[in-house]
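Trainee: For reference, the file upload-v2.txt (compact mmCIF, C-alpha atoms (C1' of nucleotides)) is included below:
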# COMPACT_ATOMS: atom_id res chain seq x y z
CA MET E 536 -10.22 -18.56 -21.78
CA LYS E 537 -8.58 -21.75 -20.57
CA GLU E 538 -5.93 -21.41 -23.27
CA SER E 539 -5.44 -17.79 -22.32
CA LEU E 540 -4.77 -18.79 -18.76
CA SER E 541 -2.23 -21.44 -19.57
CA PHE E 542 -0.57 -19.09 -22.01
CA LEU E 543 -0.35 -16.54 -19.26
CA THR E 544 1.15 -19.04 -16.85
CA HIS E 545 3.93 -19.78 -19.29
CA TYR E 546 4.43 -16.13 -20.06
CA LEU E 547 4.80 -15.23 -16.40
CA LYS E 548 7.25 -18.05 -15.77
CA LYS E 549 9.28 -17.16 -18.83
CA GLU E 550 9.49 -13.54 -17.74
CA GLY E 551 10.48 -14.43 -14.21
CA LYS E 552 7.31 -13.00 -12.77
CA LYS E 553 5.50 -14.23 -9.72
CA ASN E 554 1.92 -15.17 -9.07
CA SER E 555 -0.57 -13.18 -7.13
CA GLY E 556 -4.08 -13.76 -5.89
CA LYS E 557 -5.20 -10.28 -6.67
CA ARG E 558 -3.89 -10.35 -10.18
CA ASN E 559 -5.52 -13.72 -10.76
CA LEU E 560 -8.81 -12.39 -9.54
CA ILE E 561 -8.63 -9.42 -11.88
CA ILE E 562 -7.64 -11.52 -14.85
CA ASN E 563 -10.33 -14.08 -14.20
CA SER E 564 -12.98 -11.47 -13.87
CA PHE E 565 -11.83 -9.79 -17.04
CA LEU E 566 -11.58 -12.91 -19.16
CA THR E 567 -14.79 -14.57 -18.07
CA ASP E 568 -16.95 -11.52 -18.57
CA ASP E 569 -15.71 -11.01 -22.08
CA ARG E 570 -16.69 -7.37 -22.15
CA HIS E 571 -14.99 -4.18 -23.21
CA TYR E 572 -14.11 -2.99 -19.75
CA SER E 573 -12.85 0.41 -18.83
CA VAL E 574 -10.30 0.26 -16.04
CA GLU E 575 -12.63 1.97 -13.63
CA GLU E 576 -15.46 -0.45 -14.37
CA LEU E 577 -13.33 -3.49 -13.83
CA TYR E 578 -11.91 -1.92 -10.69
CA GLN E 579 -15.39 -1.39 -9.28
CA LYS E 580 -16.24 -4.98 -9.99
CA VAL E 581 -13.22 -6.71 -8.52
CA LYS E 582 -13.27 -4.43 -5.50
CA ARG E 583 -16.50 -6.07 -4.46
CA GLN E 584 -14.73 -9.39 -4.27
CA ASN E 585 -11.59 -8.02 -2.70
CA PRO E 586 -11.80 -4.45 -1.41
CA LYS E 587 -8.05 -4.28 -0.94
CA ILE E 588 -7.36 -4.25 -4.66
CA SER E 589 -6.18 -0.86 -5.81
CA LEU E 590 -6.80 0.95 -9.06
CA SER E 591 -3.11 0.86 -9.96
CA THR E 592 -3.10 -2.90 -9.76
CA VAL E 593 -5.99 -3.09 -12.17
CA TYR E 594 -4.11 -0.78 -14.50
CA ARG E 595 -0.92 -2.77 -14.22
CA THR E 596 -2.71 -6.05 -14.73
CA LEU E 597 -4.54 -4.91 -17.84
CA LYS E 598 -1.33 -3.49 -19.24
CA LEU E 599 0.29 -6.84 -18.58
CA LEU E 600 -2.43 -8.61 -20.52
CA ALA E 601 -2.07 -6.12 -23.34
CA ASN E 602 1.69 -6.60 -23.45
CA CYS E 603 1.46 -10.34 -23.76
CA GLY E 604 -1.30 -10.11 -26.34
CA LEU E 605 -4.24 -11.36 -24.31
CA ALA E 606 -6.01 -8.01 -24.38
CA HIS E 607 -6.32 -5.12 -26.78
CA GLU E 608 -6.43 -1.50 -25.78
CA ARG E 609 -9.25 0.31 -27.54
CA ARG E 610 -10.17 3.92 -27.62
CA PHE E 611 -13.76 4.61 -28.55
CA ASP E 612 -15.19 8.12 -28.58
CA GLU E 613 -14.28 8.59 -24.98
CA ARG E 614 -11.50 9.97 -22.94
CA ASN E 615 -10.67 6.65 -21.37
CA ILE E 616 -9.25 3.40 -22.62
CA ARG E 617 -11.15 0.13 -22.78
CA PHE E 618 -9.66 -3.33 -22.78
CA GLU E 619 -10.99 -6.18 -24.84
CA PRO E 620 -10.12 -9.84 -24.30
CA VAL E 621 -8.41 -11.39 -27.31
CA HIS E 622 -9.56 -14.90 -28.10
CA GLN E 623 -8.67 -15.75 -31.63
CA GLU E 624 -6.64 -13.53 -33.82
CA GLU E 625 -9.51 -12.57 -36.09
CA HIS E 626 -10.10 -8.96 -36.87
CA HIS E 627 -13.50 -7.61 -36.05
CA ASP E 628 -15.28 -4.30 -35.74
CA HIS E 629 -17.69 -2.74 -33.26
CA LEU E 630 -21.20 -1.50 -32.78
CA VAL E 631 -21.34 0.87 -29.82
CA CYS E 632 -24.61 1.72 -28.09
CA LEU E 633 -24.72 5.39 -27.18
CA LYS E 634 -27.21 4.81 -24.40
CA CYS E 635 -26.23 1.71 -22.46
CA GLY E 636 -22.64 1.68 -23.64
CA ARG E 637 -22.69 -1.97 -24.60
CA ILE E 638 -20.37 -2.96 -27.39
CA PHE E 639 -21.13 -5.59 -30.00
CA GLU E 640 -18.59 -7.16 -32.29
CA PHE E 641 -19.03 -8.09 -35.90
CA THR E 642 -16.95 -9.14 -38.86
CA ASN E 643 -17.57 -8.40 -42.49
CA GLN E 644 -15.24 -9.65 -45.15
CA LYS E 645 -16.67 -7.45 -47.85
CA ILE E 646 -15.94 -4.34 -45.87
CA GLU E 647 -12.44 -5.57 -45.13
CA LYS E 648 -11.85 -6.04 -48.78
CA LEU E 649 -13.18 -2.64 -49.73
CA GLN E 650 -10.95 -1.05 -47.13
CA ASP E 651 -7.94 -2.72 -48.65
CA GLU E 652 -8.95 -1.39 -52.02
CA VAL E 653 -9.22 2.13 -50.69
CA ALA E 654 -5.79 1.80 -49.11
CA LYS E 655 -4.33 0.53 -52.34
CA ARG E 656 -5.79 3.46 -54.22
CA TYR E 657 -3.98 5.79 -51.82
CA LYS E 658 -0.85 3.63 -51.94
CA PHE E 659 -1.13 3.15 -48.20
CA ASN E 660 0.66 0.36 -46.47
CA VAL E 661 -2.04 -0.81 -44.07
CA VAL E 662 -1.17 -1.82 -40.53
CA ARG E 663 -4.64 -2.00 -39.04
CA HIS E 664 -8.04 -0.53 -39.37
CA LYS E 665 -10.92 0.26 -37.20
CA LEU E 666 -14.59 0.60 -37.89
CA GLU E 667 -17.07 1.71 -35.31
CA ILE E 668 -20.79 2.15 -35.72
CA TYR E 669 -22.41 4.32 -33.07
CA GLY E 670 -26.13 4.22 -32.44
CA TYR E 671 -28.83 2.68 -30.29
CA CYS E 672 -29.04 -1.03 -29.67
CA PRO E 673 -32.41 -2.80 -29.99
CA ARG E 674 -32.96 -2.78 -26.25
CA CYS E 675 -32.38 0.97 -25.96
CA GLN E 676 -34.62 1.99 -28.83
CA LYS E 677 -37.76 3.48 -27.40
CA MET P 923 -13.78 28.87 -46.21
CA LYS P 924 -15.34 32.17 -47.23
CA GLU P 925 -18.80 30.78 -46.51
CA SER P 926 -17.58 29.49 -43.19
CA LEU P 927 -16.41 32.94 -42.25
CA SER P 928 -19.63 34.70 -43.13
CA PHE P 929 -21.60 31.99 -41.37
CA LEU P 930 -19.46 32.60 -38.32
CA THR P 931 -20.03 36.33 -38.46
CA HIS P 932 -23.77 35.82 -38.38
CA TYR P 933 -23.51 33.23 -35.67
CA LEU P 934 -21.50 35.53 -33.45
CA LYS P 935 -23.88 38.41 -33.95
CA LYS P 936 -26.89 36.23 -33.32
CA GLU P 937 -25.37 34.95 -30.09
CA GLY P 938 -24.45 38.41 -28.88
CA LYS P 939 -20.75 37.67 -29.03
CA LYS P 940 -18.03 40.13 -29.84
CA ASN P 941 -15.14 40.09 -32.24
CA SER P 942 -11.54 39.54 -31.40
CA GLY P 943 -8.30 39.73 -33.31
CA LYS P 944 -6.82 36.71 -31.61
CA ARG P 945 -9.83 34.57 -32.26
CA ASN P 946 -9.87 35.63 -35.89
CA LEU P 947 -6.23 34.75 -36.26
CA ILE P 948 -6.80 31.29 -34.80
CA ILE P 949 -9.85 30.64 -36.93
CA ASN P 950 -8.18 31.80 -40.09
CA SER P 951 -5.15 29.69 -39.48
CA PHE P 952 -7.33 26.69 -38.76
CA LEU P 953 -9.62 27.05 -41.74
CA THR P 954 -7.02 27.85 -44.36
CA ASP P 955 -4.71 25.00 -43.45
CA ASP P 956 -7.49 22.49 -43.68
CA ARG P 957 -5.69 19.96 -41.51
CA HIS P 958 -6.66 17.80 -38.59
CA TYR P 959 -5.06 19.94 -35.94
CA SER P 960 -4.52 18.97 -32.37
CA VAL P 961 -5.00 21.92 -30.04
CA GLU P 962 -1.35 21.97 -29.14
CA GLU P 963 -0.27 21.99 -32.79
CA LEU P 964 -2.51 24.87 -33.69
CA TYR P 965 -1.40 26.69 -30.57
CA GLN P 966 2.25 26.33 -31.56
CA LYS P 967 1.45 27.69 -34.97
CA VAL P 968 -0.58 30.74 -34.04
CA LYS P 969 1.82 31.59 -31.25
CA ARG P 970 4.43 32.35 -33.87
CA GLN P 971 2.17 35.03 -35.31
CA ASN P 972 1.01 36.34 -31.98
CA PRO P 973 2.97 35.12 -28.96
CA LYS P 974 0.37 36.51 -26.58
CA ILE P 975 -2.24 33.97 -27.55
CA SER P 976 -2.81 31.46 -24.80
CA LEU P 977 -3.61 27.79 -24.99
CA SER P 978 -7.01 28.30 -23.37
CA THR P 979 -8.00 30.67 -26.12
CA VAL P 980 -7.15 28.10 -28.73
CA TYR P 981 -9.24 25.58 -26.84
CA ARG P 982 -12.15 27.96 -26.47
CA THR P 983 -12.00 28.98 -30.10
CA LEU P 984 -11.99 25.45 -31.40
CA LYS P 985 -14.84 24.55 -29.10
CA LEU P 986 -16.72 27.52 -30.47
CA LEU P 987 -16.21 26.29 -34.01
CA ALA P 988 -17.33 22.83 -33.00
CA ASN P 989 -20.45 24.20 -31.31
CA CYS P 990 -21.55 26.13 -34.35
CA GLY P 991 -20.79 23.23 -36.66
CA LEU P 992 -17.73 24.56 -38.45
CA ALA P 993 -15.41 21.97 -36.97
CA HIS P 994 -15.66 18.38 -35.84
CA GLU P 995 -13.94 16.92 -32.84
CA ARG P 996 -12.20 13.69 -33.67
CA ARG P 997 -10.44 11.18 -31.53
CA PHE P 998 -7.98 8.98 -33.33
CA ASP P 999 -5.86 6.42 -31.50
CA GLU P 1000 -4.44 9.10 -29.31
CA ARG P 1001 -5.09 10.64 -25.99
CA ASN P 1002 -5.83 14.03 -27.45
CA ILE P 1003 -8.57 15.47 -29.57
CA ARG P 1004 -8.15 16.73 -33.11
CA PHE P 1005 -10.32 19.24 -34.87
CA GLU P 1006 -11.26 19.01 -38.50
CA PRO P 1007 -12.70 21.85 -40.57
CA VAL P 1008 -16.18 21.07 -41.89
CA HIS P 1009 -16.79 22.18 -45.45
CA GLN P 1010 -19.67 20.31 -46.87
CA GLU P 1011 -21.84 18.02 -44.88
CA GLU P 1012 -20.62 14.87 -46.52
CA HIS P 1013 -19.52 11.95 -44.44
CA HIS P 1014 -16.02 10.71 -45.02
CA ASP P 1015 -13.47 8.44 -43.43
CA HIS P 1016 -9.76 8.62 -42.71
CA LEU P 1017 -6.40 7.17 -43.57
CA VAL P 1018 -3.91 7.93 -40.83
CA CYS P 1019 -0.16 7.71 -41.38
CA LEU P 1020 1.54 6.16 -38.39
CA LYS P 1021 4.85 7.82 -39.17
CA CYS P 1022 4.23 11.40 -40.24
CA GLY P 1023 0.79 11.66 -38.68
CA ARG P 1024 -0.81 13.11 -41.78
CA ILE P 1025 -4.45 12.32 -42.24
CA PHE P 1026 -6.14 11.70 -45.58
CA GLU P 1027 -9.86 11.69 -46.17
CA PHE P 1028 -11.83 9.43 -48.43
CA THR P 1029 -15.41 8.47 -49.13
CA ASN P 1030 -16.73 5.14 -50.24
CA GLN P 1031 -20.39 4.61 -50.82
CA LYS P 1032 -20.15 0.86 -50.97
CA ILE P 1033 -18.63 0.71 -47.53
CA GLU P 1034 -21.31 3.07 -46.21
CA LYS P 1035 -23.95 0.80 -47.57
CA LEU P 1036 -22.42 -2.33 -46.13
CA GLN P 1037 -22.20 -0.65 -42.74
CA ASP P 1038 -25.87 0.11 -42.85
CA GLU P 1039 -26.56 -3.51 -43.65
CA VAL P 1040 -24.54 -4.66 -40.70
CA ALA P 1041 -26.40 -2.25 -38.46
CA LYS P 1042 -29.71 -3.47 -39.76
CA ARG P 1043 -28.75 -7.06 -39.06
CA TYR P 1044 -28.07 -6.09 -35.45
CA LYS P 1045 -31.23 -3.96 -35.33
CA PHE P 1046 -29.06 -0.96 -34.52
CA ASN P 1047 -30.33 2.53 -34.96
CA VAL P 1048 -27.27 4.20 -36.46
CA VAL P 1049 -26.27 7.70 -35.45
CA ARG P 1050 -22.82 7.86 -36.99
CA HIS P 1051 -19.93 5.71 -37.89
CA LYS P 1052 -16.25 5.99 -38.11
CA LEU P 1053 -13.72 4.15 -40.18
CA GLU P 1054 -10.01 4.65 -39.82
CA ILE P 1055 -7.26 2.95 -41.72
CA TYR P 1056 -3.86 3.13 -40.03
CA GLY P 1057 -0.68 2.52 -41.96
CA TYR P 1058 2.14 4.20 -43.82
CA CYS P 1059 1.53 6.79 -46.47
CA PRO P 1060 3.41 6.56 -49.80
CA ARG P 1061 5.93 9.17 -48.71
CA CYS P 1062 6.79 7.35 -45.49
CA GLN P 1063 7.22 3.91 -47.02
CA LYS P 1064 10.90 3.14 -47.12
C1' DG Z 1137 16.47 -13.76 1.41
C1' DT Z 1138 15.69 -11.78 -2.93
C1' DA Z 1139 12.80 -10.13 -6.42
C1' DT Z 1140 8.21 -9.17 -7.75
C1' DA Z 1141 3.50 -7.39 -6.68
C1' DT Z 1142 0.90 -3.92 -4.43
C1' DG Z 1143 -0.86 0.41 -2.16
C1' DC Z 1144 -0.50 4.98 -1.75
C1' DA Z 1145 0.49 9.41 -2.97
C1' DA Z 1146 2.47 12.17 -6.14
C1' DA Z 1147 3.43 13.26 -11.00
C1' DC Z 1148 1.83 13.76 -15.48
C1' DT Z 1149 -1.02 14.81 -19.86
C1' DG Z 1150 -4.77 16.72 -22.06
C1' DT Z 1151 -8.66 19.54 -21.08
C1' DT Z 1152 -11.78 22.68 -18.57
C1' DT Z 1153 -12.99 26.41 -15.40
C1' DG Z 1154 -13.00 30.55 -12.22
C1' DC Z 1155 -11.54 34.86 -11.70
C1' DT Z 1156 -9.34 39.06 -12.89
C1' DT Z 1157 -7.90 41.99 -16.53
C1' DT Z 1158 -8.25 43.49 -21.28
C1' DG Z 1159 -10.76 44.62 -25.33
C1' DT Z 1160 -15.10 45.58 -28.24
C1' DT Z 1161 -19.16 47.74 -28.93
C1' DA X 388 -20.59 51.65 -19.20
C1' DA X 389 -21.62 46.94 -19.98
C1' DC X 390 -20.45 42.72 -21.31
C1' DA X 391 -17.53 39.41 -23.96
C1' DA X 392 -12.69 37.67 -24.71
C1' DA X 393 -8.35 36.30 -22.96
C1' DG X 394 -4.59 35.19 -19.58
C1' DC X 395 -3.34 32.76 -15.83
C1' DA X 396 -3.45 29.52 -12.46
C1' DA X 397 -5.92 26.16 -10.42
C1' DA X 398 -9.03 22.17 -10.97
C1' DC X 399 -10.05 18.18 -13.28
C1' DA X 400 -10.09 13.18 -15.38
C1' DG X 401 -7.62 9.43 -16.81
C1' DT X 402 -3.25 7.33 -16.50
C1' DT X 403 1.50 6.41 -14.95
C1' DT X 404 5.27 6.23 -11.63
C1' DG X 405 8.37 6.18 -7.38
C1' DC X 406 8.90 4.41 -3.25
C1' DA X 407 8.01 1.82 0.89
C1' DT X 408 5.84 -2.45 2.31
C1' DA X 409 3.80 -7.02 1.60
C1' DT X 410 4.02 -11.30 -0.69
C1' DA X 411 5.68 -15.24 -3.56
C1' DC X 412 9.14 -18.35 -4.37
Would you put the structure from the file into structure tokens?

Mentor:
Amino acid sequence: MKESLSFLTHYLKKEGKKNSGKRNLIINSFLTDDRHYSVEELYQKVKRQNPKISLSTVYRTLKLLANCGLAHERRFDERNIRFEPVHQEEHHDHLVCLKCGRIFEFTNQKIEKLQDEVAKRYKFNVVRHKLEIYGYCPRCQK
Amino acid sequence: MKESLSFLTHYLKKEGKKNSGKRNLIINSFLTDDRHYSVEELYQKVKRQNPKISLSTVYRTLKLLANCGLAHERRFDERNIRFEPVHQEEHHDHLVCLKCGRIFEFTNQKIEKLQDEVAKRYKFNVVRHKLEIYGYCPRCQK
DNA sequence: GTATATGCAAACTGTTTGCTTTGTT
DNA sequence: AACAAAGCAAACAGTTTGCATATAC
């Protein structure tokens, strides 16, 4: 988080961009929560702190983070995009709760390896992969 | 394919639905090609055989197939939905070529098993999962 | 003062729906 | 004749963009 912020500062300066209170608020909210926010969700949240923030600004800010590598755009089984804060560059996968919508991350080296084997069998040159497990989280199982 | 068609016939009768040449054309085209069609792609194709077919009809037809279980809606890393013919009820995953867009299916029991283990560790009640490997297919590697 | 950030409304893409007309039974 | 299918245009959701204004430097 702290590193992300200083990285961003340098990035903005390098690109000749300016600072902005609203953008900072959005970015802070996004990075500290460490969730997989949809744009609308994050918008609803930051609006409570500053009602003058517009949806476009949230969009533009998240796109900015994605462009400089501090966020990843993800598309789960939904129509909308979610943004995930990037901390370290380690690949991970997701468990998605179908009831509460919470998203859990996990890593599994064995699965990674097996995926690479599959790709090799098909002579595929792998760029990335994505594994999502959909179900009900412990809290939502009743 | 043949079984799918007779299943459909019964389904339509049971639901009090009627027949239609356009719908049959769309369904035939979809089932015989056995591809992961986007609606627009299938629309472009069937339009060549019958230019009077409208986009809505393609949408409605594919939704019909999805509702009676003969097609699955899939969302890859795109904004649009793709439909995949369902033959047997076996779960499989996908390799997606980032250049030509072709989609290859594969199954891997070991990966399935490892996914279930992960889910168990998180006390997740699994409904479905989805694994996609993105990269370049043999033909597109240059 | 100049360039960027923002708000707002309008455009845009993929999808769905309402209503009228066409087609099947 | 009655009711489903299809065409068309309009509505819709999520996202992007153009332009005028506000803000940072």

Trainee: If you count all atoms listed in the file, which residues fall within 12 Å of DA397 (chain X), apart from same-chain ones fewer than 6 positions away, as a ChimeraX atom specification?

Mentor: /Z:1152-1155

Trainee: Let's have chain P fitted on chain E; use all the C-alpha atoms paired in order for the least-squares step and return it as an mmCIF file with C-alpha atoms, in the coordinates of the input.

Mentor:
data_model
loop_
_atom_site.group_PDB
_atom_site.id
_atom_site.type_symbol
_atom_site.label_atom_id
_atom_site.label_comp_id
_atom_site.auth_asym_id
_atom_site.auth_seq_id
_atom_site.Cartn_x
_atom_site.Cartn_y
_atom_site.Cartn_z
ATOM 1 C CA MET P 923 -10.296 -18.573 -21.724
ATOM 2 C CA LYS P 924 -8.641 -21.760 -20.512
ATOM 3 C CA GLU P 925 -5.993 -21.436 -23.215
ATOM 4 C CA SER P 926 -5.492 -17.824 -22.277
ATOM 5 C CA LEU P 927 -4.816 -18.816 -18.711
ATOM 6 C CA SER P 928 -2.273 -21.483 -19.522
ATOM 7 C CA PHE P 929 -0.606 -19.152 -21.994
ATOM 8 C CA LEU P 930 -0.383 -16.593 -19.227
ATOM 9 C CA THR P 931 1.126 -19.080 -16.820
ATOM 10 C CA HIS P 932 3.907 -19.840 -19.258
ATOM 11 C CA TYR P 933 4.412 -16.201 -20.048
ATOM 12 C CA LEU P 934 4.794 -15.303 -16.400
ATOM 13 C CA LYS P 935 7.243 -18.098 -15.768
ATOM 14 C CA LYS P 936 9.251 -17.237 -18.841
ATOM 15 C CA GLU P 937 9.472 -13.609 -17.761
ATOM 16 C CA GLY P 938 10.494 -14.480 -14.229
ATOM 17 C CA LYS P 939 7.322 -13.043 -12.769
ATOM 18 C CA LYS P 940 5.525 -14.291 -9.716
ATOM 19 C CA ASN P 941 1.947 -15.194 -9.012
ATOM 20 C CA SER P 942 -0.541 -13.160 -7.104
ATOM 21 C CA GLY P 943 -4.048 -13.728 -5.854
ATOM 22 C CA LYS P 944 -5.178 -10.223 -6.652
ATOM 23 C CA ARG P 945 -3.868 -10.343 -10.164
ATOM 24 C CA ASN P 946 -5.523 -13.696 -10.727
ATOM 25 C CA LEU P 947 -8.815 -12.359 -9.486
ATOM 26 C CA ILE P 948 -8.627 -9.388 -11.845
ATOM 27 C CA ILE P 949 -7.649 -11.509 -14.812
ATOM 28 C CA ASN P 950 -10.336 -14.057 -14.174
ATOM 29 C CA SER P 951 -12.989 -11.441 -13.829
ATOM 30 C CA PHE P 952 -11.826 -9.779 -17.016
ATOM 31 C CA LEU P 953 -11.596 -12.906 -19.118
ATOM 32 C CA THR P 954 -14.813 -14.558 -18.031
ATOM 33 C CA ASP P 955 -16.971 -11.495 -18.530
ATOM 34 C CA ASP P 956 -15.720 -11.013 -22.034
ATOM 35 C CA ARG P 957 -16.687 -7.351 -22.117
ATOM 36 C CA HIS P 958 -14.981 -4.179 -23.196
ATOM 37 C CA TYR P 959 -14.093 -2.988 -19.739
ATOM 38 C CA SER P 960 -12.829 0.417 -18.851
ATOM 39 C CA VAL P 961 -10.260 0.265 -16.070
ATOM 40 C CA GLU P 962 -12.569 2.003 -13.665
ATOM 41 C CA GLU P 963 -15.422 -0.413 -14.385
ATOM 42 C CA LEU P 964 -13.303 -3.465 -13.821
ATOM 43 C CA TYR P 965 -11.873 -1.879 -10.704
ATOM 44 C CA GLN P 966 -15.356 -1.311 -9.297
ATOM 45 C CA LYS P 967 -16.209 -4.905 -9.981
ATOM 46 C CA VAL P 968 -13.187 -6.628 -8.503
ATOM 47 C CA LYS P 969 -13.235 -4.327 -5.508
ATOM 48 C CA ARG P 970 -16.473 -5.952 -4.445
ATOM 49 C CA GLN P 971 -14.700 -9.295 -4.240
ATOM 50 C CA ASN P 972 -11.554 -7.932 -2.692
ATOM 51 C CA PRO P 973 -11.771 -4.363 -1.399
ATOM 52 C CA LYS P 974 -8.013 -4.189 -0.944
ATOM 53 C CA ILE P 975 -7.313 -4.191 -4.647
ATOM 54 C CA SER P 976 -6.119 -0.819 -5.826
ATOM 55 C CA LEU P 977 -6.733 0.976 -9.074
ATOM 56 C CA SER P 978 -3.048 0.864 -9.999
ATOM 57 C CA THR P 979 -3.078 -2.894 -9.795
ATOM 58 C CA VAL P 980 -5.972 -3.065 -12.190
ATOM 59 C CA TYR P 981 -4.082 -0.786 -14.540
ATOM 60 C CA ARG P 982 -0.895 -2.793 -14.257
ATOM 61 C CA THR P 983 -2.710 -6.066 -14.745
ATOM 62 C CA LEU P 984 -4.523 -4.941 -17.843
ATOM 63 C CA LYS P 985 -1.320 -3.544 -19.261
ATOM 64 C CA LEU P 986 0.288 -6.892 -18.602
ATOM 65 C CA LEU P 987 -2.447 -8.656 -20.530
ATOM 66 C CA ALA P 988 -2.084 -6.185 -23.361
ATOM 67 C CA ASN P 989 1.687 -6.671 -23.463
ATOM 68 C CA CYS P 990 1.446 -10.417 -23.755
ATOM 69 C CA GLY P 991 -1.313 -10.196 -26.336
ATOM 70 C CA LEU P 992 -4.264 -11.404 -24.293
ATOM 71 C CA ALA P 993 -6.034 -8.066 -24.384
ATOM 72 C CA HIS P 994 -6.317 -5.168 -26.781
ATOM 73 C CA GLU P 995 -6.433 -1.545 -25.808
ATOM 74 C CA ARG P 996 -9.232 0.272 -27.545
ATOM 75 C CA ARG P 997 -10.178 3.888 -27.647
ATOM 76 C CA PHE P 998 -13.755 4.585 -28.571
ATOM 77 C CA ASP P 999 -15.167 8.106 -28.622
ATOM 78 C CA GLU P 1000 -14.228 8.580 -25.032
ATOM 79 C CA ARG P 1001 -11.412 9.953 -23.032
ATOM 80 C CA ASN P 1002 -10.607 6.630 -21.457
ATOM 81 C CA ILE P 1003 -9.220 3.370 -22.691
ATOM 82 C CA ARG P 1004 -11.120 0.103 -22.816
ATOM 83 C CA PHE P 1005 -9.646 -3.351 -22.805
ATOM 84 C CA GLU P 1006 -11.001 -6.210 -24.831
ATOM 85 C CA PRO P 1007 -10.162 -9.872 -24.279
ATOM 86 C CA VAL P 1008 -8.442 -11.440 -27.286
ATOM 87 C CA HIS P 1009 -9.602 -14.942 -28.105
ATOM 88 C CA GLN P 1010 -8.736 -15.758 -31.626
ATOM 89 C CA GLU P 1011 -6.658 -13.564 -33.812
ATOM 90 C CA GLU P 1012 -9.479 -12.556 -36.077
ATOM 91 C CA HIS P 1013 -10.074 -8.940 -36.874
ATOM 92 C CA HIS P 1014 -13.484 -7.589 -36.056
ATOM 93 C CA ASP P 1015 -15.272 -4.290 -35.739
ATOM 94 C CA HIS P 1016 -17.688 -2.745 -33.270
ATOM 95 C CA LEU P 1017 -21.209 -1.520 -32.789
ATOM 96 C CA VAL P 1018 -21.383 0.824 -29.829
ATOM 97 C CA CYS P 1019 -24.656 1.668 -28.101
ATOM 98 C CA LEU P 1020 -24.790 5.332 -27.210
ATOM 99 C CA LYS P 1021 -27.273 4.757 -24.412
ATOM 100 C CA CYS P 1022 -26.286 1.649 -22.485
ATOM 101 C CA GLY P 1023 -22.681 1.629 -23.641
ATOM 102 C CA ARG P 1024 -22.716 -2.028 -24.591
ATOM 103 C CA ILE P 1025 -20.398 -2.995 -27.379
ATOM 104 C CA PHE P 1026 -21.132 -5.630 -30.008
ATOM 105 C CA GLU P 1027 -18.585 -7.181 -32.309
ATOM 106 C CA PHE P 1028 -19.008 -8.121 -35.919
ATOM 107 C CA THR P 1029 -16.922 -9.149 -38.889
ATOM 108 C CA ASN P 1030 -17.539 -8.400 -42.511
ATOM 109 C CA GLN P 1031 -15.193 -9.617 -45.161
ATOM 110 C CA LYS P 1032 -16.614 -7.434 -47.873
ATOM 111 C CA ILE P 1033 -15.929 -4.318 -45.876
ATOM 112 C CA GLU P 1034 -12.399 -5.535 -45.132
ATOM 113 C CA LYS P 1035 -11.808 -5.997 -48.794
ATOM 114 C CA LEU P 1036 -13.155 -2.606 -49.741
ATOM 115 C CA GLN P 1037 -10.930 -1.003 -47.126
ATOM 116 C CA ASP P 1038 -7.918 -2.637 -48.649
ATOM 117 C CA GLU P 1039 -8.940 -1.295 -52.022
ATOM 118 C CA VAL P 1040 -9.221 2.197 -50.669
ATOM 119 C CA ALA P 1041 -5.800 1.884 -49.093
ATOM 120 C CA LYS P 1042 -4.335 0.643 -52.325
ATOM 121 C CA ARG P 1043 -5.793 3.583 -54.205
ATOM 122 C CA TYR P 1044 -4.020 5.909 -51.780
ATOM 123 C CA LYS P 1045 -0.855 3.788 -51.915
ATOM 124 C CA PHE P 1046 -1.162 3.265 -48.174
ATOM 125 C CA ASN P 1047 0.648 0.486 -46.446
ATOM 126 C CA VAL P 1048 -2.037 -0.707 -44.045
ATOM 127 C CA VAL P 1049 -1.175 -1.727 -40.511
ATOM 128 C CA ARG P 1050 -4.648 -1.938 -39.030
ATOM 129 C CA HIS P 1051 -8.043 -0.469 -39.347
ATOM 130 C CA LYS P 1052 -10.926 0.305 -37.165
ATOM 131 C CA LEU P 1053 -14.596 0.608 -37.881
ATOM 132 C CA GLU P 1054 -17.112 1.693 -35.305
ATOM 133 C CA ILE P 1055 -20.815 2.106 -35.732
ATOM 134 C CA TYR P 1056 -22.453 4.283 -33.081
ATOM 135 C CA GLY P 1057 -26.170 4.156 -32.467
ATOM 136 C CA TYR P 1058 -28.866 2.616 -30.323
ATOM 137 C CA CYS P 1059 -29.067 -1.083 -29.707
ATOM 138 C CA PRO P 1060 -32.438 -2.871 -30.049
ATOM 139 C CA ARG P 1061 -32.981 -2.848 -26.300
ATOM 140 C CA CYS P 1062 -32.421 0.895 -25.995
ATOM 141 C CA GLN P 1063 -34.658 1.920 -28.876
ATOM 142 C CA LYS P 1064 -37.797 3.406 -27.431
#

Trainee: Mind checking which residues fall within 10 Å of Ala654 (chain E), counting only C-alpha atoms (C1' of nucleotides), ignoring those fewer than 2 positions away in the same chain, and posting them as an mmCIF file with C-alpha atoms, keeping the file's coordinate frame?

Mentor:
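Wrote result27.cif, looks like this:
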data_model
loop_
_atom_site.group_PDB
_atom_site.id
_atom_site.type_symbol
_atom_site.label_atom_id
_atom_site.label_comp_id
_atom_site.auth_asym_id
_atom_site.auth_seq_id
_atom_site.Cartn_x
_atom_site.Cartn_y
_atom_site.Cartn_z
ATOM 1 C CA LYS E 648 -11.850 -6.040 -48.780
ATOM 2 C CA LEU E 649 -13.180 -2.640 -49.730
ATOM 3 C CA GLN E 650 -10.950 -1.050 -47.130
ATOM 4 C CA ASP E 651 -7.940 -2.720 -48.650
ATOM 5 C CA GLU E 652 -8.950 -1.390 -52.020
ATOM 6 C CA ARG E 656 -5.790 3.460 -54.220
ATOM 7 C CA TYR E 657 -3.980 5.790 -51.820
ATOM 8 C CA LYS E 658 -0.850 3.630 -51.940
ATOM 9 C CA PHE E 659 -1.130 3.150 -48.200
ATOM 10 C CA ASN E 660 0.660 0.360 -46.470
ATOM 11 C CA VAL E 661 -2.040 -0.810 -44.070
ATOM 12 C CA LEU P 1017 -6.400 7.170 -43.570
ATOM 13 C CA PHE P 1028 -11.830 9.430 -48.430
ATOM 14 C CA ILE P 1055 -7.260 2.950 -41.720
ATOM 15 C CA TYR P 1056 -3.860 3.130 -40.030
ATOM 16 C CA GLY P 1057 -0.680 2.520 -41.960
ATOM 17 C CA TYR P 1058 2.140 4.200 -43.820
ATOM 18 C CA CYS P 1059 1.530 6.790 -46.470
#
